[in-house]
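Note: the block below is start37.cif and it holds mmCIF, C-alpha atoms.
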```cif
data_query
#
loop_
_atom_site.label_atom_id
_atom_site.label_comp_id
_atom_site.auth_asym_id
_atom_site.auth_seq_id
_atom_site.Cartn_x
_atom_site.Cartn_y
_atom_site.Cartn_z
CA MET Q 15 -0.81 15.51 11.65
CA SER Q 16 -2.14 11.97 11.56
CA LEU Q 17 -2.00 9.94 8.37
CA THR Q 18 -5.35 8.60 7.17
CA PHE Q 19 -5.88 4.96 6.24
CA HIS Q 20 -8.76 3.48 4.26
CA TRP Q 21 -9.47 -0.17 3.53
CA PHE Q 22 -11.26 -1.82 0.58
CA LEU Q 23 -14.56 -3.66 0.17
CA PRO Q 24 -14.05 -6.48 -2.39
CA THR Q 25 -17.41 -6.29 -4.16
CA ASN Q 26 -15.98 -8.51 -6.90
CA GLY Q 27 -15.46 -11.34 -4.40
CA ASP Q 28 -12.64 -12.29 -2.07
CA SER Q 29 -10.22 -15.17 -1.70
CA ARG Q 30 -6.94 -16.39 -0.27
CA HIS Q 31 -5.73 -15.89 -3.83
CA VAL Q 32 -5.66 -12.66 -5.84
CA VAL Q 33 -9.02 -11.79 -7.38
CA GLY Q 34 -8.42 -10.18 -10.75
CA GLY Q 35 -10.63 -7.92 -12.81
CA GLY Q 36 -11.05 -4.24 -13.50
CA HIS Q 37 -10.31 -1.92 -16.41
CA GLY Q 38 -12.47 -3.87 -18.78
CA THR Q 39 -11.37 -7.33 -17.62
CA PRO Q 40 -13.72 -9.67 -15.72
CA ALA Q 41 -13.20 -10.86 -12.16
CA THR Q 42 -11.22 -14.12 -12.05
CA ALA Q 43 -12.69 -17.39 -10.80
CA SER Q 44 -11.10 -16.90 -7.36
CA GLY Q 45 -13.72 -14.22 -6.69
CA ARG Q 46 -16.23 -17.01 -6.14
CA ASP Q 47 -14.30 -18.30 -3.09
CA ARG Q 48 -15.94 -15.70 -0.84
CA PRO Q 49 -18.91 -14.10 -2.61
CA PRO Q 50 -19.44 -10.39 -1.87
CA THR Q 51 -22.50 -10.80 0.30
CA VAL Q 52 -23.66 -7.96 2.54
CA ALA Q 53 -22.87 -10.17 5.54
CA TYR Q 54 -19.26 -10.79 4.49
CA LEU Q 55 -18.60 -7.22 3.38
CA SER Q 56 -20.06 -6.00 6.68
CA GLN Q 57 -17.67 -8.29 8.53
CA ILE Q 58 -14.74 -6.64 6.71
CA ALA Q 59 -16.17 -3.17 7.32
CA ARG Q 60 -16.59 -3.75 11.04
CA ALA Q 61 -13.05 -5.07 11.32
CA ALA Q 62 -11.70 -2.02 9.49
CA GLU Q 63 -13.74 0.26 11.72
CA ASP Q 64 -12.42 -1.30 14.93
CA LEU Q 65 -8.82 -1.34 13.73
CA GLY Q 66 -8.76 2.38 12.97
CA PHE Q 67 -9.36 2.73 9.26
CA VAL Q 68 -11.30 5.90 8.43
CA GLY Q 69 -13.08 4.67 5.32
CA ALA Q 70 -13.38 1.86 2.79
CA LEU Q 71 -13.16 2.17 -0.99
CA THR Q 72 -15.77 0.36 -3.02
CA PRO Q 73 -14.96 -0.06 -6.76
CA THR Q 74 -17.13 0.54 -9.80
CA GLY Q 75 -17.54 -1.27 -13.11
CA ALA Q 76 -19.06 -4.30 -14.75
CA TRP Q 77 -16.69 -6.60 -12.83
CA CYS Q 78 -18.19 -5.89 -9.38
CA GLU Q 79 -21.39 -5.13 -7.51
CA ASP Q 80 -22.83 -1.60 -7.63
CA ALA Q 81 -21.03 0.62 -5.12
CA TRP Q 82 -23.92 2.91 -4.17
CA LEU Q 83 -26.33 0.10 -3.33
CA THR Q 84 -23.76 -2.08 -1.61
CA THR Q 85 -22.38 0.61 0.67
CA ALA Q 86 -25.86 1.83 1.56
CA MET Q 87 -26.62 -1.65 2.88
CA VAL Q 88 -23.27 -2.20 4.58
CA SER Q 89 -23.46 1.21 6.25
CA GLN Q 90 -26.37 -0.03 8.34
CA ASN Q 91 -24.09 -2.61 9.96
CA THR Q 92 -21.36 -0.13 10.93
CA GLU Q 93 -21.17 2.97 13.12
CA ARG Q 94 -18.21 5.17 12.16
CA LEU Q 95 -16.64 3.87 8.95
CA LYS Q 96 -16.93 6.13 5.91
CA PHE Q 97 -17.52 4.78 2.41
CA LEU Q 98 -15.41 5.94 -0.51
CA VAL Q 99 -17.96 5.21 -3.23
CA ALA Q 100 -16.49 4.96 -6.72
CA PHE Q 101 -18.86 6.02 -9.47
CA ARG Q 102 -18.78 7.15 -13.09
CA PRO Q 103 -20.33 10.56 -13.72
CA GLY Q 104 -21.38 9.68 -17.25
CA PHE Q 105 -23.90 7.13 -15.98
CA VAL Q 106 -26.06 9.41 -13.81
CA SER Q 107 -27.25 13.00 -14.06
CA PRO Q 108 -25.34 15.52 -11.92
CA THR Q 109 -28.53 16.65 -10.17
CA LEU Q 110 -29.46 13.09 -9.26
CA ALA Q 111 -25.92 12.33 -8.10
CA ALA Q 112 -25.92 15.44 -5.89
CA GLN Q 113 -29.26 14.35 -4.45
CA MET Q 114 -28.05 10.78 -3.88
CA ALA Q 115 -25.00 12.09 -2.04
CA SER Q 116 -27.17 14.33 0.11
CA THR Q 117 -29.47 11.44 1.00
CA PHE Q 118 -26.49 9.18 1.78
CA GLN Q 119 -25.08 11.79 4.16
CA ARG Q 120 -28.35 12.12 6.08
CA GLN Q 121 -29.00 8.40 6.31
CA THR Q 122 -25.46 7.51 7.44
CA GLY Q 123 -24.58 10.48 9.61
CA GLY Q 124 -22.19 12.03 7.10
CA ARG Q 125 -20.18 8.95 6.12
CA LEU Q 126 -19.91 9.39 2.35
CA LEU Q 127 -16.75 10.10 0.36
CA LEU Q 128 -16.89 10.16 -3.45
CA ASN Q 129 -14.33 8.63 -5.79
CA VAL Q 130 -15.05 10.06 -9.24
CA VAL Q 131 -13.98 7.62 -11.97
CA THR Q 132 -14.14 9.11 -15.45
CA GLY Q 133 -13.75 5.70 -17.14
CA GLY Q 134 -10.63 4.74 -19.06
CA GLU Q 135 -12.01 1.97 -21.27
CA SER Q 136 -14.23 2.96 -24.19
CA HIS Q 137 -15.41 -0.59 -24.85
CA GLU Q 138 -16.69 -0.89 -21.28
CA GLN Q 139 -18.26 2.58 -21.38
CA ARG Q 140 -20.13 1.68 -24.59
CA ALA Q 141 -21.67 -1.30 -22.80
CA TYR Q 142 -23.33 1.24 -20.52
CA GLY Q 143 -24.48 3.39 -23.43
CA ASP Q 144 -21.66 5.96 -23.20
CA PHE Q 145 -20.06 6.62 -26.59
CA LEU Q 146 -17.84 9.62 -25.81
CA ASP Q 147 -14.10 9.30 -26.33
CA LYS Q 148 -11.69 9.57 -23.42
CA ASP Q 149 -10.95 13.31 -23.59
CA ASP Q 150 -14.64 14.14 -23.94
CA ARG Q 151 -15.38 11.97 -20.92
CA TYR Q 152 -12.96 14.05 -18.88
CA ARG Q 153 -14.50 17.28 -20.15
CA ARG Q 154 -17.91 15.96 -19.17
CA THR Q 155 -16.52 15.10 -15.73
CA GLY Q 156 -15.46 18.72 -15.32
CA GLU Q 157 -18.94 19.96 -16.22
CA PHE Q 158 -20.46 17.36 -13.91
CA LEU Q 159 -18.38 18.43 -10.91
CA GLU Q 160 -19.03 22.10 -11.61
CA ILE Q 161 -22.80 21.47 -11.48
CA VAL Q 162 -22.66 19.19 -8.43
CA ARG Q 163 -20.53 21.58 -6.40
CA GLN Q 164 -22.88 24.48 -7.16
CA LEU Q 165 -25.86 22.37 -6.10
CA TRP Q 166 -24.12 21.42 -2.85
CA ASP Q 167 -23.57 25.15 -2.24
CA GLY Q 168 -27.34 25.62 -2.33
CA LYS Q 169 -27.43 27.41 -5.67
CA THR Q 170 -30.04 27.16 -8.38
CA VAL Q 171 -28.09 25.96 -11.39
CA ASP Q 172 -28.61 26.66 -15.08
CA VAL Q 173 -25.86 25.20 -17.26
CA ALA Q 174 -25.76 24.51 -20.97
CA GLY Q 175 -22.38 22.89 -21.41
CA GLU Q 176 -20.76 20.93 -24.20
CA HIS Q 177 -21.98 17.63 -22.72
CA LEU Q 178 -24.38 18.41 -19.86
CA ARG Q 179 -27.40 20.67 -19.58
CA VAL Q 180 -29.58 21.43 -16.56
CA GLU Q 181 -32.21 24.10 -15.98
CA GLU Q 182 -33.37 25.42 -12.61
CA ALA Q 183 -31.61 22.58 -10.82
CA LYS Q 184 -31.72 22.87 -7.03
CA LEU Q 185 -31.53 20.56 -4.04
CA ALA Q 186 -34.36 20.60 -1.52
CA ARG Q 187 -31.94 19.45 1.20
CA LEU Q 188 -28.19 20.01 1.22
CA PRO Q 189 -25.62 17.40 2.28
CA ASP Q 190 -24.08 17.92 5.70
CA PRO Q 191 -21.18 17.68 5.52
CA VAL Q 192 -20.49 18.12 1.82
CA PRO Q 193 -18.75 14.88 0.67
CA GLU Q 194 -15.09 15.18 -0.18
CA VAL Q 195 -14.25 14.30 -3.79
CA TYR Q 196 -11.40 11.88 -4.59
CA PHE Q 197 -10.09 11.53 -8.12
CA GLY Q 198 -7.17 10.01 -10.04
CA GLY Q 199 -5.79 10.27 -13.54
CA SER Q 200 -2.43 10.51 -15.26
CA SER Q 201 -3.34 12.24 -18.53
CA PRO Q 202 -2.94 16.03 -18.99
CA ILE Q 203 -6.68 16.65 -19.05
CA ALA Q 204 -7.11 14.57 -15.87
CA GLY Q 205 -4.65 16.85 -14.13
CA GLU Q 206 -6.64 19.90 -15.21
CA ILE Q 207 -9.87 18.47 -13.78
CA ALA Q 208 -8.18 17.50 -10.52
CA ALA Q 209 -6.69 20.96 -10.06
CA LYS Q 210 -10.06 22.67 -10.46
CA TYR Q 211 -12.52 20.45 -8.64
CA VAL Q 212 -11.24 17.71 -6.34
CA ASP Q 213 -10.23 17.54 -2.70
CA VAL Q 214 -7.91 14.51 -2.81
CA TYR Q 215 -5.82 13.41 -5.78
CA LEU Q 216 -5.21 9.64 -5.81
CA THR Q 217 -2.35 7.85 -7.50
CA TRP Q 218 -1.74 4.13 -7.84
CA GLY Q 219 1.29 2.71 -6.07
CA GLU Q 220 4.18 3.64 -8.29
CA PRO Q 221 7.77 3.89 -6.96
CA PRO Q 222 8.38 6.98 -4.81
CA ALA Q 223 10.27 8.91 -7.49
CA GLN Q 224 7.34 8.63 -9.90
CA VAL Q 225 4.85 9.50 -7.16
CA ALA Q 226 6.89 12.60 -6.32
CA GLU Q 227 6.70 13.71 -9.96
CA LYS Q 228 2.91 13.32 -9.96
CA ILE Q 229 2.52 15.28 -6.75
CA ALA Q 230 4.66 18.13 -8.07
CA TRP Q 231 2.66 18.15 -11.32
CA ILE Q 232 -0.76 18.33 -9.62
CA ARG Q 233 0.42 20.83 -7.02
CA GLY Q 234 1.60 23.13 -9.78
CA LEU Q 235 -1.71 22.90 -11.65
CA ALA Q 236 -3.72 23.45 -8.47
CA ALA Q 237 -1.62 26.49 -7.53
CA LYS Q 238 -2.55 28.11 -10.85
CA GLU Q 239 -6.20 27.66 -9.83
CA GLY Q 240 -5.53 29.14 -6.39
CA ARG Q 241 -6.21 25.78 -4.74
CA THR Q 242 -4.38 23.23 -2.60
CA LEU Q 243 -5.17 19.51 -2.64
CA ARG Q 244 -4.41 16.53 -0.43
CA PHE Q 245 -2.76 13.45 -1.92
CA GLY Q 246 -3.50 9.77 -1.49
CA ILE Q 247 -2.11 6.49 -2.80
CA ARG Q 248 -3.79 3.16 -3.62
CA LEU Q 249 -1.80 0.05 -2.66
CA HIS Q 250 -2.19 -3.57 -1.64
CA VAL Q 251 -0.36 -4.82 1.45
CA ILE Q 252 1.24 -8.10 2.53
CA THR Q 253 2.65 -7.54 6.00
CA ARG Q 254 3.83 -10.20 8.46
CA ASP Q 255 5.90 -10.53 11.61
CA THR Q 256 9.03 -11.12 9.52
CA SER Q 257 10.11 -10.14 6.03
CA GLU Q 258 10.59 -13.81 5.13
CA GLU Q 259 7.00 -14.64 6.02
CA ALA Q 260 5.68 -11.73 3.96
CA TRP Q 261 7.66 -12.62 0.85
CA ALA Q 262 6.67 -16.28 1.24
CA GLU Q 263 3.04 -15.13 1.10
CA ALA Q 264 3.74 -12.99 -1.99
CA ASN Q 265 5.36 -15.98 -3.68
CA ARG Q 266 2.40 -18.18 -2.74
CA LEU Q 267 0.06 -15.73 -4.42
CA LEU Q 268 2.34 -15.59 -7.47
CA GLU Q 269 2.39 -19.37 -7.76
CA GLY Q 270 -1.41 -19.28 -7.92
CA PHE Q 271 -1.38 -17.21 -11.13
CA ASP Q 272 -2.28 -19.53 -13.99
CA SER Q 273 -0.17 -18.70 -17.05
CA GLU Q 274 -3.18 -18.57 -19.35
CA THR Q 275 -4.99 -16.24 -16.97
CA VAL Q 276 -1.98 -13.91 -16.86
CA LYS Q 277 -1.77 -13.94 -20.65
CA SER Q 278 -5.48 -13.23 -21.04
CA VAL Q 279 -5.57 -10.44 -18.45
CA GLN Q 280 -2.45 -8.77 -19.86
CA ALA Q 281 -3.91 -8.88 -23.37
CA GLY Q 282 -7.08 -7.25 -22.09
CA LEU Q 283 -5.22 -4.55 -20.17
CA ALA Q 284 -2.90 -3.82 -23.07
CA ARG Q 285 -5.76 -2.18 -24.95
CA SER Q 286 -6.54 0.12 -22.02
CA GLU Q 287 -6.77 3.82 -22.86
CA SER Q 288 -5.88 4.72 -19.28
CA GLU Q 289 -2.42 6.26 -18.95
CA GLY Q 290 -2.38 5.17 -15.31
CA GLN Q 291 -3.05 1.57 -16.36
CA GLN Q 292 -0.26 1.70 -18.93
CA ARG Q 293 2.09 2.98 -16.23
CA MET Q 294 1.08 0.01 -14.06
CA LEU Q 295 1.77 -2.43 -16.90
CA ALA Q 296 5.20 -0.91 -17.50
CA LEU Q 297 6.22 -1.75 -13.94
CA HIS Q 298 6.25 -5.52 -14.63
CA GLY Q 299 6.10 -5.83 -18.41
CA GLY Q 300 4.01 -8.99 -18.08
CA SER Q 301 6.96 -10.88 -16.60
CA ARG Q 302 7.14 -12.81 -13.36
CA ASP Q 303 10.76 -11.74 -12.91
CA GLY Q 304 12.06 -8.59 -11.22
CA LEU Q 305 8.75 -7.80 -9.53
CA GLU Q 306 10.29 -5.96 -6.57
CA ILE Q 307 10.51 -2.58 -8.31
CA HIS Q 308 11.51 -0.61 -5.19
CA PRO Q 309 12.39 -1.93 -1.73
CA ASN Q 310 9.26 -3.67 -0.43
CA LEU Q 311 7.18 -2.58 -3.46
CA TRP Q 312 5.98 -5.61 -5.45
CA ALA Q 313 4.31 -5.39 -8.86
CA GLY Q 314 2.99 -8.95 -8.92
CA ILE Q 315 -0.66 -8.12 -8.29
CA GLY Q 316 -0.81 -6.31 -11.64
CA LEU Q 317 -0.20 -9.53 -13.54
CA VAL Q 318 -3.82 -10.57 -13.00
CA ARG Q 319 -5.59 -7.41 -11.82
CA GLY Q 320 -6.41 -4.14 -13.52
CA GLY Q 321 -6.03 -0.82 -11.75
CA ALA Q 322 -3.95 -0.87 -8.58
CA GLY Q 323 -1.32 -3.52 -9.23
CA THR Q 324 1.38 -3.07 -6.59
CA ALA Q 325 1.71 -4.17 -2.98
CA LEU Q 326 3.85 -3.21 -0.03
CA VAL Q 327 5.49 -6.47 1.07
CA GLY Q 328 7.61 -6.96 4.17
CA SER Q 329 7.75 -7.08 7.92
CA HIS Q 330 5.54 -4.72 9.86
CA GLU Q 331 8.56 -2.48 10.46
CA GLU Q 332 9.50 -2.45 6.77
CA VAL Q 333 5.96 -1.64 5.62
CA ALA Q 334 5.76 1.16 8.19
CA GLU Q 335 9.03 2.60 6.84
CA ARG Q 336 7.74 2.54 3.25
CA ILE Q 337 4.57 4.31 4.36
CA LYS Q 338 6.65 7.01 6.02
CA GLU Q 339 8.70 7.28 2.83
CA TYR Q 340 5.56 8.06 0.82
CA ALA Q 341 4.31 10.37 3.55
CA ALA Q 342 7.53 12.38 3.30
CA LEU Q 343 6.65 13.06 -0.35
CA GLY Q 344 3.28 14.54 0.63
CA ILE Q 345 1.00 11.48 0.68
CA GLU Q 346 -1.51 11.89 3.52
CA GLU Q 347 -4.06 9.18 2.76
CA PHE Q 348 -3.47 5.49 2.05
CA VAL Q 349 -6.17 3.34 0.43
CA LEU Q 350 -5.13 -0.25 1.10
CA SER Q 351 -6.28 -3.81 0.48
CA GLY Q 352 -5.04 -7.37 0.76
CA TYR Q 353 -6.07 -10.97 0.14
CA PRO Q 354 -8.19 -12.04 1.88
CA HIS Q 355 -9.44 -8.63 2.93
CA LEU Q 356 -10.70 -9.69 6.33
CA GLU Q 357 -7.50 -11.35 7.53
CA GLU Q 358 -5.16 -8.83 5.89
CA ALA Q 359 -6.97 -5.95 7.60
CA TYR Q 360 -5.95 -7.51 10.92
CA TRP Q 361 -2.36 -8.13 9.84
CA PHE Q 362 -1.99 -4.46 8.92
CA GLY Q 363 -4.15 -3.04 11.69
CA GLU Q 364 -2.47 -4.99 14.47
CA GLY Q 365 1.04 -5.06 12.99
CA VAL Q 366 1.70 -1.76 11.19
CA LEU Q 367 -0.68 0.83 12.64
CA PRO Q 368 0.66 0.49 16.23
CA ARG Q 369 4.19 1.10 14.94
CA LEU Q 370 3.05 4.21 13.09
CA ALA Q 371 1.33 5.36 16.26
CA GLU Q 372 4.56 4.91 18.20
CA ASP Q 373 6.32 7.04 15.58
CA GLY Q 374 3.73 9.78 16.07
CA VAL Q 375 2.39 9.76 12.50
CA TRP Q 376 -0.94 8.03 13.14
CA GLN Q 377 -3.60 7.87 15.81
CA HIS Q 378 -6.78 5.85 16.05
CA PRO Q 379 -9.80 7.96 14.95
CA VAL Q 380 -11.51 7.37 18.29
CA GLY Q 381 -8.45 7.48 20.51
CA GLU Q 382 -7.18 4.33 22.11
CA GLN Q 383 -7.86 1.30 19.95
CA LYS Q 384 -10.92 -0.53 21.22
CA ALA Q 385 -10.35 -4.04 22.43
CA SER Q 386 -13.26 -6.33 21.72
CA ALA Q 387 -14.00 -9.98 21.48
CA ALA Q 388 -14.37 -9.49 17.74
CA GLN Q 389 -10.70 -8.55 17.38
CA VAL Q 390 -9.18 -11.99 17.06
CA PRO Q 391 -5.93 -12.31 15.08
CA PHE Q 392 -6.10 -14.61 12.10
CA ALA Q 393 -3.46 -17.05 11.03
CA SER Q 394 -2.03 -16.78 7.55
#
```
Could you rewrite the structure in this file as structure tokens?
Amino acid sequence: MSLTFHWFLPTNGDSRHVVGGGHGTPATASGRDRPPTVAYLSQIARAAEDLGFVGALTPTGAWCEDAWLTTAMVSQNTERLKFLVAFRPGFVSPTLAAQMASTFQRQTGGRLLLNVVTGGESHEQRAYGDFLDKDDRYRRTGEFLEIVRQLWDGKTVDVAGEHLRVEEAKLARLPDPVPEVYFGGSSPIAGEIAAKYVDVYLTWGEPPAQVAEKIAWIRGLAAKEGRTLRFGIRLHVITRDTSEEAWAEANRLLEGFDSETVKSVQAGLARSESEGQQRMLALHGGSRDGLEIHPNLWAGIGLVRGGAGTALVGSHEEVAERIKEYAALGIEEFVLSGYPHLEEAYWFGEGVLPRLAEDGVWQHPVGEQKASAAQVPFAS
């Protein structure tokens, strides 16, 4: 079995510093260093494609560009890379979403993956006209996925649910292949939805013991539904030729965190209704001290960024070992990112992936890694 690696398209902007934002907080000023143009995002996507990443996650929310539109444009500048499009089911009808996914598959040659984001922040949801509370949003997500999956199966759907209603819904053309559904959530109701409807359960980068607990929890719920899921993890990476170089880069990023920005972002995230976000905050407690919470697992990113707030930091060998540690728990897919995303893709792709290949746990999606003039290492 080969582990699967995905990269990230920074549609909130990119920088040699951490770009904050997410979970109801705006992108920080550093996002203006490299605006998220189609040209720049395509450059990242092509690099990821050549290096051996299978897909690229594109986020959703008021803090970034729209994921559907952006990936549709970037897809035209790539050949193989899949796009893990994050979207919120409360903002679009299930029939339209099923149709959009079907169109995306035909126009890209089957390169769509879907990251369903229920939405953890009521104040941000209300800005989009969604006034349901958190638990009702999850129940609506369940109804949404039930309708979409029936449509993808070619059925004519009549549903009158608690939150969604469709009559004689049917797709004229079915997606081929049917997009896999990725989903994350730490609340009890999120676990129920994952067990019933999703293909891959995603967790943010918590220490291995906590990740193992989550996997056991979701596996148990899925077993009751007669289903098995795959598991993925969302992490940042800072990997260099030596451990000292990697930690020097982490410290450089940390030194770039303005105290007022940290205070403002932490205040914004503190009101988050997301249990996953609260678990991220608990890893650092808003402090700059004690940020290495497990060997090579650094919680510093979460001081200025919502959502995924931890990074694997170390030499290429150390990062590879941590990846294998998570893989031993049952993690099969890794959704990674790093600042800046273009350069860090090369650091990981040229430093860590070959070591994982030597260990027999990863292989390039198209066999031997392609050498091209475009693959030029970047200096840190």
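Picked out by the PyMOL selection byres ((chain Q and resi 52) around 10) when it runs on this file: Q:Thr25, Q:Pro49, Q:Pro50, Q:Thr51, Q:Ala53, Q:Tyr54, Q:Leu55, Q:Ser56, Q:Gln57, Q:Ile58, Q:Thr84, Q:Thr85, Q:Met87, Q:Val88, Q:Ser89, Q:Asn91.
Coordinates place atom CA of Glu157 of chain Q at a distance of 24.9 Å from atom CA of Arg125 of chain Q.
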Problem set entry | Residues in the PyMOL selection byres ((chain Q and resi 121) around 12), expressed as a PyMOL selection string | chain Q and resi 85-87+89-90+93+114-120+122-126+189-190
Go ahead and save the picked residues with C-alpha atoms, as a PDB file, keeping the file's coordinate frame.
```pdb
ATOM      1  CA  THR Q  85     -22.380   0.610   0.670  1.00  0.00           C
ATOM      2  CA  ALA Q  86     -25.860   1.830   1.560  1.00  0.00           C
ATOM      3  CA  MET Q  87     -26.620  -1.650   2.880  1.00  0.00           C
ATOM      4  CA  SER Q  89     -23.460   1.210   6.250  1.00  0.00           C
ATOM      5  CA  GLN Q  90     -26.370  -0.030   8.340  1.00  0.00           C
ATOM      6  CA  GLU Q  93     -21.170   2.970  13.120  1.00  0.00           C
ATOM      7  CA  MET Q 114     -28.050  10.780  -3.880  1.00  0.00           C
ATOM      8  CA  ALA Q 115     -25.000  12.090  -2.040  1.00  0.00           C
ATOM      9  CA  SER Q 116     -27.170  14.330   0.110  1.00  0.00           C
ATOM     10  CA  THR Q 117     -29.470  11.440   1.000  1.00  0.00           C
ATOM     11  CA  PHE Q 118     -26.490   9.180   1.780  1.00  0.00           C
ATOM     12  CA  GLN Q 119     -25.080  11.790   4.160  1.00  0.00           C
ATOM     13  CA  ARG Q 120     -28.350  12.120   6.080  1.00  0.00           C
ATOM     14  CA  THR Q 122     -25.460   7.510   7.440  1.00  0.00           C
ATOM     15  CA  GLY Q 123     -24.580  10.480   9.610  1.00  0.00           C
ATOM     16  CA  GLY Q 124     -22.190  12.030   7.100  1.00  0.00           C
ATOM     17  CA  ARG Q 125     -20.180   8.950   6.120  1.00  0.00           C
ATOM     18  CA  LEU Q 126     -19.910   9.390   2.350  1.00  0.00           C
ATOM     19  CA  PRO Q 189     -25.620  17.400   2.280  1.00  0.00           C
ATOM     20  CA  ASP Q 190     -24.080  17.920   5.700  1.00  0.00           C
TER      21      ASP Q 190
END
```
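Taking atom CA of Phe101 of chain Q and atom CA of Val131 of chain Q as endpoints, the distance between them is 5.7 Å.
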Exercise. What does the PyMOL selection byres ((chain Q and resi 309-312) around 6) select in this file, as a list in words?
Worked result: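 Written out, the selection comes to Leu305, Glu306, Ile307, His308, Ala313, Gly314, Thr324, Ala325, Leu326, Val327 and Gly328 of chain Q.
The two atoms in question, atom CA of Ile252 of chain Q and atom CA of His20 of chain Q, are spaced 15.4 Å apart.
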Problem set entry | Residue contacts of Pro103 of chain Q (7 Å, only C-alpha atoms) excluding same-chain residues fewer than 3 positions away, as a list in words |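 Once the adjacent positions are removed, what remains is Val106, Val130, Thr132, Thr155 and Phe158 of chain Q.
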Please produce a file of the residues just selected, as a JSON list (two decimals), keeping the file's coordinate frame, where the atoms kept are C-alpha atoms.
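Everything below was put into result-v8.json:
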```json
[["chain", "number", "residue", "atom", "x", "y", "z"],
["Q", 106, "VAL", "CA", -26.06, 9.41, -13.81],
["Q", 130, "VAL", "CA", -15.05, 10.06, -9.24],
["Q", 132, "THR", "CA", -14.14, 9.11, -15.45],
["Q", 155, "THR", "CA", -16.52, 15.10, -15.73],
["Q", 158, "PHE", "CA", -20.46, 17.36, -13.91]]
```
Seminar exercise, completed: Using only C-alpha atoms, the residue out of Q:Val33, Q:Gly363, Q:Asp167, Q:Ala208 with shortest distance to Arg233 of chain Q is Q:Ala208
How big is the axis-aligned box, and where does its centre sit, when it encloses all atoms of segment 210-213 of chain Q listed in the file and has 3 Å added on every side, reported in Å to one decimal as JSON?
```
{"center_x": -11.3, "center_y": 20.1, "center_z": -6.6, "size_x": 8.5, "size_y": 11.1, "size_z": 13.8}
```
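Closest to Arg369 of chain Q among Q:Glu332, Q:Asp272, Q:Glu194, Q:Glu135 is Q:Glu332, based on all atoms listed in the file.
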Problem set entry | Selection near Trp218 of chain Q, 10 Å with all atoms listed in the file, sequence-local residues under 6 positions removed, as a PyMOL selection string | chain Q and resi 198-200+225+246-250+290-291+293-294+321-324+349
Problem set entry | From Q:Ala209, Q:Ala341, Q:Leu268, Q:Ala59, residue lying nearest Leu159 of chain Q [all atoms listed in the file] |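 Selected residue with least distance to Leu159 of chain Q: Q:Ala209.
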For this session: Using all atoms listed in the file, collect all residues at a distance of at most 9 Å from (-25.1, 15.1, -5.5) as written in the file, then present them as a PyMOL selection string.
Result: chain Q and resi 108-117+162-163+165-166+185+188-189+193
For this session: Would you mind telling me which residue in Q:Leu356, Q:Val212, Q:Val68, Q:Ala204 lies nearest to Trp231 of chain Q when using only C-alpha atoms?
Result: Q:Ala204
For this session: Extract, using only C-alpha atoms, all DNA, RNA and protein residues at most 8 Å from Leu178 of chain Q, discarding same-chain residues fewer than 2 positions from it, and format them as an MDAnalysis selection string.
Result: chainID Q and resid 154 157:158 173:176 180
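For Arg151 of chain Q, the non-local neighbours within 10 Å, defined as residues at least 6 positions apart in the same chain or in other chains and counting all atoms listed in the file, are Arg102, Pro103, Gly104, Thr132, Gly133, Gly134, Ser136, Gln139, Asp144, Phe145, Glu157 and His177 of chain Q.
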Exercise. So which residues touch Ala226 of chain Q within 12 Å, counting all atoms listed in the file, skipping near sequence neighbours fewer than 5 positions away, as a list in words?
Worked result: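 My list of contacting residues is Thr217, Gly219, Glu220, Pro221, Trp231, Ile232, Arg233, Phe245, Gly246, Ile247, Glu339, Tyr340, Ala341, Ala342, Leu343, Gly344 and Ile345 of chain Q.
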Problem set entry | Closest of Q:Ala62, Q:Leu295, Q:Leu127, Q:Ala262 to Ser329 of chain Q - atom-to-atom distances counting all atoms listed in the file |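 So, comparing all the options, the nearest one is Q:Ala262.
Minimum atom-to-atom distance to Arg244 of chain Q, evaluated using all atoms listed in the file, belongs to Q:Val214 out of Q:Val214, Q:Arg46, Q:Ser201, Q:Leu317.
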